[in-house]
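Text of the file protein_33.cif, holding mmCIF, N, CA and C atoms:
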data_coords
loop_
_atom_site.label_atom_id
_atom_site.label_comp_id
_atom_site.auth_asym_id
_atom_site.auth_seq_id
_atom_site.Cartn_x
_atom_site.Cartn_y
_atom_site.Cartn_z
N MET C 1 18.01 -7.00 6.55
CA MET C 1 17.15 -6.51 5.48
C MET C 1 15.96 -7.45 5.34
N SER C 2 14.77 -6.88 5.20
CA SER C 2 13.56 -7.70 5.09
C SER C 2 13.52 -8.45 3.76
N ASP C 3 12.73 -9.51 3.72
CA ASP C 3 12.60 -10.31 2.50
C ASP C 3 12.12 -9.47 1.33
N LEU C 4 11.14 -8.61 1.59
CA LEU C 4 10.58 -7.78 0.53
C LEU C 4 11.62 -6.79 0.01
N SER C 5 12.41 -6.22 0.90
CA SER C 5 13.47 -5.29 0.48
C SER C 5 14.51 -6.01 -0.36
N GLN C 6 14.84 -7.25 0.01
CA GLN C 6 15.80 -8.03 -0.78
C GLN C 6 15.23 -8.32 -2.16
N GLN C 7 13.95 -8.66 -2.23
CA GLN C 7 13.31 -8.93 -3.52
C GLN C 7 13.35 -7.69 -4.41
N ILE C 8 13.10 -6.53 -3.83
CA ILE C 8 13.12 -5.28 -4.59
C ILE C 8 14.53 -5.01 -5.12
N THR C 9 15.54 -5.25 -4.29
CA THR C 9 16.93 -5.07 -4.71
C THR C 9 17.28 -6.02 -5.86
N GLU C 10 16.87 -7.27 -5.75
CA GLU C 10 17.13 -8.24 -6.83
C GLU C 10 16.42 -7.82 -8.12
N ASP C 11 15.19 -7.32 -8.00
CA ASP C 11 14.46 -6.87 -9.18
C ASP C 11 15.13 -5.66 -9.82
N LEU C 12 15.73 -4.81 -9.00
CA LEU C 12 16.47 -3.65 -9.51
C LEU C 12 17.65 -4.13 -10.35
N LYS C 13 18.38 -5.11 -9.84
CA LYS C 13 19.53 -5.66 -10.57
C LYS C 13 19.08 -6.27 -11.89
N THR C 14 17.97 -7.00 -11.86
CA THR C 14 17.43 -7.62 -13.07
C THR C 14 17.04 -6.55 -14.09
N ALA C 15 16.38 -5.50 -13.63
CA ALA C 15 15.97 -4.41 -14.52
C ALA C 15 17.18 -3.74 -15.15
N MET C 16 18.27 -3.62 -14.39
CA MET C 16 19.51 -3.04 -14.94
C MET C 16 20.07 -3.93 -16.04
N ARG C 17 20.12 -5.24 -15.76
CA ARG C 17 20.67 -6.18 -16.74
C ARG C 17 19.84 -6.19 -18.02
N GLU C 18 18.52 -6.12 -17.87
CA GLU C 18 17.61 -6.18 -19.02
C GLU C 18 17.41 -4.82 -19.69
N LYS C 19 17.99 -3.79 -19.09
CA LYS C 19 17.83 -2.42 -19.58
C LYS C 19 16.36 -2.02 -19.72
N ASN C 20 15.57 -2.44 -18.73
CA ASN C 20 14.14 -2.13 -18.67
C ASN C 20 13.99 -0.80 -17.93
N THR C 21 13.89 0.30 -18.68
CA THR C 21 13.90 1.62 -18.06
C THR C 21 12.68 1.88 -17.18
N LEU C 22 11.52 1.40 -17.58
CA LEU C 22 10.32 1.60 -16.75
C LEU C 22 10.51 0.95 -15.39
N ALA C 23 10.87 -0.32 -15.39
CA ALA C 23 11.07 -1.04 -14.12
C ALA C 23 12.22 -0.42 -13.33
N LEU C 24 13.30 -0.08 -14.02
CA LEU C 24 14.47 0.48 -13.34
C LEU C 24 14.11 1.79 -12.63
N ASN C 25 13.45 2.69 -13.34
CA ASN C 25 13.08 3.98 -12.73
C ASN C 25 12.07 3.81 -11.60
N THR C 26 11.11 2.93 -11.79
CA THR C 26 10.08 2.71 -10.77
C THR C 26 10.68 2.10 -9.52
N ILE C 27 11.54 1.10 -9.68
CA ILE C 27 12.14 0.43 -8.52
C ILE C 27 13.12 1.36 -7.81
N ARG C 28 13.85 2.17 -8.56
CA ARG C 28 14.75 3.15 -7.92
C ARG C 28 13.95 4.12 -7.06
N MET C 29 12.81 4.59 -7.61
CA MET C 29 11.95 5.50 -6.85
C MET C 29 11.44 4.81 -5.59
N LEU C 30 11.06 3.55 -5.72
CA LEU C 30 10.54 2.80 -4.58
C LEU C 30 11.62 2.62 -3.52
N LYS C 31 12.83 2.25 -3.94
CA LYS C 31 13.93 2.08 -2.98
C LYS C 31 14.23 3.39 -2.26
N SER C 32 14.15 4.50 -2.99
CA SER C 32 14.36 5.81 -2.38
C SER C 32 13.29 6.11 -1.34
N ALA C 33 12.03 5.81 -1.66
CA ALA C 33 10.93 6.04 -0.72
C ALA C 33 11.10 5.16 0.52
N ILE C 34 11.54 3.93 0.32
CA ILE C 34 11.76 3.01 1.45
C ILE C 34 12.90 3.53 2.33
N LYS C 35 13.97 3.99 1.70
CA LYS C 35 15.12 4.51 2.46
C LYS C 35 14.72 5.75 3.25
N ASN C 36 13.93 6.64 2.61
CA ASN C 36 13.47 7.84 3.31
C ASN C 36 12.61 7.48 4.52
N ALA C 37 11.73 6.49 4.36
CA ALA C 37 10.88 6.06 5.47
C ALA C 37 11.73 5.46 6.59
N ALA C 38 12.77 4.72 6.23
CA ALA C 38 13.66 4.13 7.23
C ALA C 38 14.41 5.22 8.00
N ILE C 39 14.85 6.24 7.29
CA ILE C 39 15.56 7.35 7.94
C ILE C 39 14.61 8.08 8.90
N GLU C 40 13.37 8.30 8.46
CA GLU C 40 12.39 8.94 9.35
C GLU C 40 12.15 8.10 10.59
N LYS C 41 12.16 6.79 10.42
CA LYS C 41 11.87 5.88 11.52
C LYS C 41 12.99 5.88 12.56
N GLY C 42 14.24 5.77 12.09
CA GLY C 42 15.29 5.60 13.08
C GLY C 42 16.68 6.03 12.69
N GLY C 43 16.80 6.93 11.74
CA GLY C 43 18.11 7.42 11.37
C GLY C 43 18.68 6.68 10.16
N ALA C 44 19.92 7.03 9.83
CA ALA C 44 20.55 6.56 8.59
C ALA C 44 20.71 5.04 8.51
N GLY C 45 20.92 4.38 9.64
CA GLY C 45 21.16 2.93 9.60
C GLY C 45 19.91 2.09 9.79
N ALA C 46 18.76 2.70 9.87
CA ALA C 46 17.53 1.96 10.18
C ALA C 46 17.07 1.12 8.99
N GLU C 47 16.40 0.02 9.31
CA GLU C 47 15.82 -0.87 8.30
C GLU C 47 14.32 -0.98 8.57
N LEU C 48 13.54 -1.17 7.52
CA LEU C 48 12.11 -1.35 7.68
C LEU C 48 11.76 -2.84 7.65
N THR C 49 10.72 -3.20 8.38
CA THR C 49 10.21 -4.57 8.34
C THR C 49 9.32 -4.71 7.10
N ASP C 50 8.97 -5.95 6.76
CA ASP C 50 8.11 -6.17 5.60
C ASP C 50 6.79 -5.39 5.69
N PRO C 51 6.07 -5.42 6.83
CA PRO C 51 4.82 -4.65 6.90
C PRO C 51 5.04 -3.15 6.69
N GLU C 52 6.15 -2.63 7.16
CA GLU C 52 6.44 -1.21 6.97
C GLU C 52 6.75 -0.91 5.50
N VAL C 53 7.43 -1.84 4.83
CA VAL C 53 7.71 -1.68 3.40
C VAL C 53 6.40 -1.70 2.61
N VAL C 54 5.47 -2.57 3.01
CA VAL C 54 4.17 -2.64 2.34
C VAL C 54 3.43 -1.31 2.47
N VAL C 55 3.53 -0.67 3.62
CA VAL C 55 2.89 0.64 3.81
C VAL C 55 3.47 1.66 2.83
N VAL C 56 4.79 1.64 2.65
CA VAL C 56 5.45 2.55 1.72
C VAL C 56 4.97 2.26 0.29
N ILE C 57 4.90 1.00 -0.07
CA ILE C 57 4.46 0.63 -1.42
C ILE C 57 3.02 1.09 -1.65
N ARG C 58 2.15 0.89 -0.65
CA ARG C 58 0.75 1.34 -0.77
C ARG C 58 0.69 2.86 -0.98
N ARG C 59 1.54 3.58 -0.27
CA ARG C 59 1.57 5.04 -0.40
C ARG C 59 1.96 5.42 -1.84
N GLU C 60 2.94 4.72 -2.39
CA GLU C 60 3.38 5.00 -3.76
C GLU C 60 2.29 4.63 -4.77
N VAL C 61 1.58 3.54 -4.54
CA VAL C 61 0.47 3.15 -5.42
C VAL C 61 -0.61 4.22 -5.38
N LYS C 62 -0.92 4.73 -4.19
CA LYS C 62 -1.94 5.77 -4.04
C LYS C 62 -1.52 7.02 -4.81
N LYS C 63 -0.24 7.38 -4.78
CA LYS C 63 0.24 8.53 -5.55
C LYS C 63 -0.01 8.31 -7.03
N ARG C 64 0.23 7.10 -7.51
CA ARG C 64 0.01 6.79 -8.92
C ARG C 64 -1.48 6.90 -9.28
N GLN C 65 -2.35 6.41 -8.39
CA GLN C 65 -3.79 6.50 -8.64
C GLN C 65 -4.22 7.95 -8.77
N ASP C 66 -3.73 8.80 -7.86
CA ASP C 66 -4.07 10.22 -7.91
C ASP C 66 -3.57 10.86 -9.20
N SER C 67 -2.35 10.52 -9.59
CA SER C 67 -1.77 11.07 -10.82
C SER C 67 -2.55 10.63 -12.05
N ILE C 68 -2.96 9.37 -12.07
CA ILE C 68 -3.73 8.86 -13.21
C ILE C 68 -5.03 9.65 -13.36
N GLU C 69 -5.71 9.90 -12.25
CA GLU C 69 -6.96 10.68 -12.29
C GLU C 69 -6.71 12.07 -12.85
N GLN C 70 -5.65 12.71 -12.38
CA GLN C 70 -5.35 14.07 -12.83
C GLN C 70 -4.95 14.10 -14.30
N TYR C 71 -4.09 13.17 -14.71
CA TYR C 71 -3.66 13.14 -16.11
C TYR C 71 -4.83 12.83 -17.05
N THR C 72 -5.69 11.92 -16.64
CA THR C 72 -6.84 11.57 -17.47
C THR C 72 -7.78 12.77 -17.62
N ALA C 73 -8.01 13.47 -16.51
CA ALA C 73 -8.88 14.64 -16.54
C ALA C 73 -8.29 15.74 -17.43
N ALA C 74 -6.97 15.82 -17.49
CA ALA C 74 -6.31 16.84 -18.29
C ALA C 74 -6.09 16.39 -19.74
N GLY C 75 -6.48 15.16 -20.06
CA GLY C 75 -6.32 14.66 -21.42
C GLY C 75 -4.90 14.22 -21.75
N ARG C 76 -4.09 13.95 -20.73
CA ARG C 76 -2.69 13.52 -20.93
C ARG C 76 -2.62 12.01 -20.80
N ASN C 77 -3.18 11.31 -21.77
CA ASN C 77 -3.30 9.86 -21.71
C ASN C 77 -1.97 9.13 -21.71
N GLU C 78 -0.95 9.70 -22.39
CA GLU C 78 0.36 9.04 -22.41
C GLU C 78 1.00 9.04 -21.02
N LEU C 79 0.81 10.11 -20.29
CA LEU C 79 1.34 10.16 -18.92
C LEU C 79 0.52 9.26 -18.00
N ALA C 80 -0.78 9.20 -18.20
CA ALA C 80 -1.63 8.31 -17.41
C ALA C 80 -1.24 6.87 -17.64
N ALA C 81 -0.93 6.52 -18.90
CA ALA C 81 -0.53 5.14 -19.23
C ALA C 81 0.78 4.78 -18.52
N GLN C 82 1.72 5.72 -18.47
CA GLN C 82 2.98 5.45 -17.78
C GLN C 82 2.75 5.23 -16.29
N GLU C 83 1.90 6.05 -15.69
CA GLU C 83 1.59 5.89 -14.26
C GLU C 83 0.91 4.54 -14.01
N GLU C 84 0.04 4.12 -14.93
CA GLU C 84 -0.63 2.82 -14.78
C GLU C 84 0.38 1.68 -14.84
N ALA C 85 1.37 1.80 -15.73
CA ALA C 85 2.41 0.77 -15.83
C ALA C 85 3.23 0.71 -14.54
N GLU C 86 3.57 1.87 -13.99
CA GLU C 86 4.31 1.92 -12.73
C GLU C 86 3.48 1.31 -11.60
N MET C 87 2.18 1.65 -11.57
CA MET C 87 1.30 1.14 -10.53
C MET C 87 1.19 -0.38 -10.61
N ALA C 88 1.12 -0.91 -11.82
CA ALA C 88 1.04 -2.36 -12.00
C ALA C 88 2.31 -3.03 -11.46
N LEU C 89 3.45 -2.43 -11.73
CA LEU C 89 4.71 -2.98 -11.23
C LEU C 89 4.74 -2.95 -9.69
N LEU C 90 4.31 -1.84 -9.11
CA LEU C 90 4.29 -1.71 -7.64
C LEU C 90 3.31 -2.69 -7.01
N ASN C 91 2.15 -2.90 -7.65
CA ASN C 91 1.16 -3.83 -7.11
C ASN C 91 1.70 -5.25 -7.04
N GLY C 92 2.70 -5.56 -7.85
CA GLY C 92 3.32 -6.88 -7.82
C GLY C 92 4.03 -7.17 -6.50
N TYR C 93 4.37 -6.14 -5.76
CA TYR C 93 5.05 -6.32 -4.47
C TYR C 93 4.08 -6.42 -3.29
N LEU C 94 2.83 -6.09 -3.54
CA LEU C 94 1.85 -6.11 -2.45
C LEU C 94 1.31 -7.51 -2.22
N PRO C 95 0.96 -7.83 -0.98
CA PRO C 95 0.37 -9.15 -0.71
C PRO C 95 -1.00 -9.27 -1.37
N GLU C 96 -1.46 -10.50 -1.53
CA GLU C 96 -2.78 -10.75 -2.14
C GLU C 96 -3.85 -10.01 -1.34
N PRO C 97 -4.66 -9.17 -2.01
CA PRO C 97 -5.68 -8.42 -1.27
C PRO C 97 -6.78 -9.34 -0.72
N LEU C 98 -7.39 -8.90 0.36
CA LEU C 98 -8.49 -9.64 0.96
C LEU C 98 -9.75 -9.46 0.13
N SER C 99 -10.60 -10.47 0.13
CA SER C 99 -11.88 -10.35 -0.56
C SER C 99 -12.84 -9.53 0.31
N GLU C 100 -13.92 -9.09 -0.29
CA GLU C 100 -14.91 -8.29 0.45
C GLU C 100 -15.49 -9.11 1.60
N THR C 101 -15.71 -10.40 1.38
CA THR C 101 -16.25 -11.27 2.42
C THR C 101 -15.29 -11.37 3.59
N GLU C 102 -14.00 -11.53 3.29
CA GLU C 102 -12.99 -11.62 4.36
C GLU C 102 -12.92 -10.32 5.14
N ILE C 103 -12.98 -9.19 4.44
CA ILE C 103 -12.94 -7.88 5.11
C ILE C 103 -14.14 -7.74 6.04
N LEU C 104 -15.33 -8.09 5.56
CA LEU C 104 -16.53 -7.95 6.39
C LEU C 104 -16.47 -8.87 7.61
N ALA C 105 -15.90 -10.06 7.46
CA ALA C 105 -15.76 -10.97 8.60
C ALA C 105 -14.82 -10.38 9.64
N ILE C 106 -13.72 -9.78 9.20
CA ILE C 106 -12.77 -9.15 10.12
C ILE C 106 -13.42 -7.96 10.83
N VAL C 107 -14.19 -7.17 10.06
CA VAL C 107 -14.88 -6.01 10.64
C VAL C 107 -15.89 -6.46 11.69
N ASP C 108 -16.68 -7.49 11.38
CA ASP C 108 -17.67 -8.00 12.33
C ASP C 108 -16.99 -8.47 13.62
N ALA C 109 -15.89 -9.20 13.48
CA ALA C 109 -15.17 -9.70 14.65
C ALA C 109 -14.62 -8.55 15.48
N ALA C 110 -14.09 -7.53 14.83
CA ALA C 110 -13.53 -6.39 15.55
C ALA C 110 -14.62 -5.60 16.27
N ILE C 111 -15.76 -5.43 15.63
CA ILE C 111 -16.88 -4.72 16.27
C ILE C 111 -17.34 -5.48 17.51
N ALA C 112 -17.44 -6.80 17.39
CA ALA C 112 -17.86 -7.62 18.53
C ALA C 112 -16.83 -7.55 19.66
N GLU C 113 -15.54 -7.59 19.30
CA GLU C 113 -14.49 -7.56 20.32
C GLU C 113 -14.45 -6.23 21.06
N VAL C 114 -14.60 -5.13 20.32
CA VAL C 114 -14.58 -3.81 20.92
C VAL C 114 -15.90 -3.50 21.63
N GLY C 115 -16.97 -4.13 21.15
CA GLY C 115 -18.29 -3.86 21.71
C GLY C 115 -18.87 -2.56 21.17
N ALA C 116 -18.48 -2.19 19.96
CA ALA C 116 -18.91 -0.93 19.37
C ALA C 116 -20.38 -1.00 18.96
N THR C 117 -21.08 0.12 19.20
CA THR C 117 -22.49 0.19 18.83
C THR C 117 -22.79 1.41 17.97
N SER C 118 -21.86 2.36 17.89
CA SER C 118 -22.10 3.57 17.09
C SER C 118 -20.78 4.03 16.44
N ARG C 119 -20.91 5.05 15.61
CA ARG C 119 -19.73 5.57 14.92
C ARG C 119 -18.73 6.21 15.88
N LYS C 120 -19.14 6.49 17.09
CA LYS C 120 -18.22 7.08 18.07
C LYS C 120 -17.05 6.14 18.36
N GLU C 121 -17.30 4.84 18.26
CA GLU C 121 -16.24 3.86 18.53
C GLU C 121 -15.50 3.42 17.26
N MET C 122 -15.73 4.13 16.16
CA MET C 122 -15.13 3.73 14.88
C MET C 122 -13.60 3.70 14.95
N GLY C 123 -13.00 4.63 15.66
CA GLY C 123 -11.53 4.68 15.76
C GLY C 123 -10.96 3.41 16.36
N ALA C 124 -11.55 2.93 17.43
CA ALA C 124 -11.07 1.72 18.09
C ALA C 124 -11.23 0.51 17.17
N VAL C 125 -12.35 0.46 16.46
CA VAL C 125 -12.60 -0.66 15.54
C VAL C 125 -11.61 -0.60 14.38
N MET C 126 -11.39 0.59 13.83
CA MET C 126 -10.47 0.74 12.70
C MET C 126 -9.05 0.31 13.08
N LYS C 127 -8.63 0.66 14.28
CA LYS C 127 -7.28 0.29 14.72
C LYS C 127 -7.14 -1.24 14.71
N LEU C 128 -8.11 -1.91 15.26
CA LEU C 128 -8.08 -3.37 15.33
C LEU C 128 -8.16 -3.99 13.93
N VAL C 129 -9.03 -3.45 13.09
CA VAL C 129 -9.19 -3.97 11.73
C VAL C 129 -7.89 -3.80 10.93
N GLN C 130 -7.26 -2.64 11.06
CA GLN C 130 -6.02 -2.41 10.31
C GLN C 130 -4.91 -3.34 10.76
N GLU C 131 -4.84 -3.64 12.05
CA GLU C 131 -3.84 -4.59 12.54
C GLU C 131 -4.08 -5.98 11.94
N ARG C 132 -5.34 -6.38 11.86
CA ARG C 132 -5.66 -7.72 11.39
C ARG C 132 -5.56 -7.89 9.88
N THR C 133 -5.74 -6.81 9.14
CA THR C 133 -5.64 -6.92 7.69
C THR C 133 -4.19 -6.82 7.22
N ALA C 134 -3.32 -6.28 8.03
CA ALA C 134 -1.87 -6.22 7.78
C ALA C 134 -1.51 -5.82 6.36
N GLY C 135 -2.07 -4.71 5.89
CA GLY C 135 -1.71 -4.21 4.58
C GLY C 135 -2.34 -4.92 3.40
N ARG C 136 -3.30 -5.79 3.65
CA ARG C 136 -3.93 -6.54 2.55
C ARG C 136 -5.21 -5.88 2.07
N ALA C 137 -5.52 -4.69 2.61
CA ALA C 137 -6.67 -3.91 2.16
C ALA C 137 -6.36 -2.44 2.42
N ASP C 138 -6.83 -1.55 1.53
CA ASP C 138 -6.53 -0.14 1.74
C ASP C 138 -7.47 0.47 2.77
N GLY C 139 -7.01 1.55 3.37
CA GLY C 139 -7.73 2.19 4.46
C GLY C 139 -9.12 2.67 4.08
N LYS C 140 -9.27 3.16 2.85
CA LYS C 140 -10.56 3.67 2.41
C LYS C 140 -11.60 2.55 2.40
N THR C 141 -11.24 1.39 1.88
CA THR C 141 -12.15 0.24 1.83
C THR C 141 -12.53 -0.18 3.24
N LEU C 142 -11.54 -0.26 4.12
CA LEU C 142 -11.79 -0.66 5.51
C LEU C 142 -12.71 0.35 6.20
N SER C 143 -12.44 1.62 6.01
CA SER C 143 -13.24 2.66 6.63
C SER C 143 -14.69 2.59 6.18
N GLN C 144 -14.90 2.36 4.88
CA GLN C 144 -16.27 2.25 4.37
C GLN C 144 -16.98 1.03 4.95
N ALA C 145 -16.26 -0.09 5.09
CA ALA C 145 -16.87 -1.31 5.64
C ALA C 145 -17.26 -1.10 7.10
N VAL C 146 -16.37 -0.47 7.87
CA VAL C 146 -16.66 -0.23 9.29
C VAL C 146 -17.82 0.75 9.43
N ALA C 147 -17.81 1.83 8.65
CA ALA C 147 -18.88 2.83 8.71
C ALA C 147 -20.23 2.23 8.36
N SER C 148 -20.26 1.35 7.35
CA SER C 148 -21.54 0.75 6.96
C SER C 148 -22.07 -0.18 8.05
N LYS C 149 -21.18 -0.86 8.77
CA LYS C 149 -21.60 -1.77 9.84
C LYS C 149 -22.06 -1.01 11.09
N LEU C 150 -21.41 0.13 11.36
CA LEU C 150 -21.76 0.89 12.56
C LEU C 150 -22.91 1.87 12.31
N GLY C 151 -23.29 2.03 11.06
CA GLY C 151 -24.43 2.89 10.74
C GLY C 151 -24.10 4.28 10.90
#

Write the structure described by the file as structure tokens, please.
Amino acid sequence: MSDLSQQITEDLKTAMREKNTLALNTIRMLKSAIKNAAIEKGGAGAELTDPEVVVVIRREVKKRQDSIEQYTAAGRNELAAQEEAEMALLNGYLPEPLSETEILAIVDAAIAEVGATSRKEMGAVMKLVQERTAGRADGKTLSQAVASKLG
């Protein structure tokens, strides 16, 4: 079991002891999403690595962001507040995000390594950038940085 998965399990036990329903429900949902991803990867006995767990957590955070937008637009502020609380808890499991300067440095290095000169090579650059950022930046931010550099 990966270190991050163990931390999530320990946090689940703590939430049970403290009777913290928000944390308990959020962590249970997260563990379920991780288990489903592991089953998709390699069957019932499969385990995810830390980077794969981070991808699952990012996916769950993105779901919360989308829900917050929809609830806010519909005037359901109490539901938006709950989603924000869940998102804050999930963000606690993510690695420290990269700064804009660090992202641009990685993008510049990847463009130079690939030898990209136009948006046609954006896919190759994005692949390299995503490997190097290792879950410390979301895909939308990376895509915008690469697109702005390639013109």

DSSP helix (DSSP H, G or I) selection over range 8-138 of chain C, as an MDAnalysis selection string: chainID C and resid 8:18 21:42 50:73 77:91 100:114 119:133

Among the residues C:Met126, C:Val61, C:Ala105, C:Ile111, the one that comes closest to Met87 in chain C [using all atoms listed in the file]: C:Val61

Gap from CA of Ala109 in chain C to CA of Tyr93 in chain C - Å, one decimal: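 Computing it gives 28.0 Å between the two atoms.
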
At most 7 Å is the cut-off: for each residue in range 40-137 of chain C with any atom that close to an atom of range 15-35 of chain C, write down the nearest atom pair and the distance in Å rounded to one decimal, counting only C-alpha atoms, chain first then increasing number, as a Markdown table.
| residue | atom | partner | partner_atom | distance |
| --- | --- | --- | --- | --- |
| C:Val53 | CA | C:Ile34 | CA | 6.5 |
| C:Val56 | CA | C:Ile34 | CA | 6.3 |
| C:Glu86 | CA | C:Thr26 | CA | 6.1 |

Close residues, Asp3 in chain C itself excluded, 8 Å, all atoms listed in the file, min 3 positions apart in chain, as a list in words: Gln6, Gln7, Ile8, Thr9, Leu48, Thr49 and Asp50 of chain C

Atomic distance CA of Ser2 in chain C - CA of Ala46 in chain C, expressed in Å with one decimal: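 Pair CA of Ser2 in chain C / CA of Ala46 in chain C returns 11.6 Å.
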
For CA of Thr117 in chain C and CA of Leu142 in chain C, the interatomic separation in Å (one decimal):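 Computing the Euclidean distance for CA of Thr117 in chain C and CA of Leu142 in chain C yields 17.1 Å.
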
Need a file for range 111-135 of chain C from that block: N, CA and C atoms, written as a compact mmCIF listing (two decimals), in the first residue's frame.
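Okay, selection01.txt is ready:
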# COMPACT_ATOMS: atom_id res chain seq x y z
N ILE C 111 10.07 22.41 -24.17
CA ILE C 111 10.01 22.90 -25.56
C ILE C 111 11.39 22.79 -26.20
N ALA C 112 12.43 23.16 -25.45
CA ALA C 112 13.79 23.07 -25.98
C ALA C 112 14.18 21.62 -26.24
N GLU C 113 13.81 20.72 -25.32
CA GLU C 113 14.17 19.31 -25.48
C GLU C 113 13.48 18.67 -26.67
N VAL C 114 12.19 18.99 -26.85
CA VAL C 114 11.43 18.43 -27.97
C VAL C 114 11.79 19.13 -29.27
N GLY C 115 12.21 20.38 -29.16
CA GLY C 115 12.51 21.17 -30.36
C GLY C 115 11.25 21.71 -31.00
N ALA C 116 10.22 21.94 -30.20
CA ALA C 116 8.93 22.39 -30.72
C ALA C 116 9.00 23.85 -31.16
N THR C 117 8.33 24.12 -32.29
CA THR C 117 8.30 25.49 -32.80
C THR C 117 6.88 25.97 -33.04
N SER C 118 5.90 25.06 -33.04
CA SER C 118 4.51 25.47 -33.28
C SER C 118 3.57 24.61 -32.43
N ARG C 119 2.30 24.97 -32.50
CA ARG C 119 1.29 24.23 -31.73
C ARG C 119 1.13 22.79 -32.20
N LYS C 120 1.63 22.47 -33.36
CA LYS C 120 1.54 21.10 -33.86
C LYS C 120 2.27 20.12 -32.95
N GLU C 121 3.32 20.60 -32.30
CA GLU C 121 4.10 19.74 -31.40
C GLU C 121 3.65 19.85 -29.94
N MET C 122 2.50 20.47 -29.71
CA MET C 122 2.03 20.69 -28.35
C MET C 122 1.84 19.37 -27.59
N GLY C 123 1.37 18.34 -28.26
CA GLY C 123 1.14 17.05 -27.60
C GLY C 123 2.41 16.47 -27.01
N ALA C 124 3.49 16.51 -27.77
CA ALA C 124 4.77 15.97 -27.29
C ALA C 124 5.29 16.78 -26.11
N VAL C 125 5.13 18.10 -26.18
CA VAL C 125 5.58 18.97 -25.10
C VAL C 125 4.74 18.71 -23.85
N MET C 126 3.42 18.61 -24.02
CA MET C 126 2.53 18.38 -22.88
C MET C 126 2.85 17.06 -22.17
N LYS C 127 3.15 16.04 -22.95
CA LYS C 127 3.48 14.74 -22.34
C LYS C 127 4.71 14.88 -21.43
N LEU C 128 5.71 15.54 -21.93
CA LEU C 128 6.94 15.73 -21.16
C LEU C 128 6.70 16.62 -19.94
N VAL C 129 5.94 17.68 -20.11
CA VAL C 129 5.65 18.60 -19.01
C VAL C 129 4.86 17.89 -17.91
N GLN C 130 3.88 17.09 -18.30
CA GLN C 130 3.07 16.38 -17.30
C GLN C 130 3.91 15.37 -16.52
N GLU C 131 4.85 14.72 -17.18
CA GLU C 131 5.73 13.78 -16.48
C GLU C 131 6.58 14.52 -15.44
N ARG C 132 7.07 15.69 -15.82
CA ARG C 132 7.97 16.44 -14.94
C ARG C 132 7.26 17.15 -13.79
N THR C 133 6.00 17.49 -13.98
CA THR C 133 5.28 18.17 -12.90
C THR C 133 4.71 17.17 -11.91
N ALA C 134 4.56 15.93 -12.29
CA ALA C 134 4.14 14.82 -11.42
C ALA C 134 2.98 15.18 -10.51
N GLY C 135 1.90 15.70 -11.08
CA GLY C 135 0.71 15.97 -10.30
C GLY C 135 0.75 17.23 -9.46
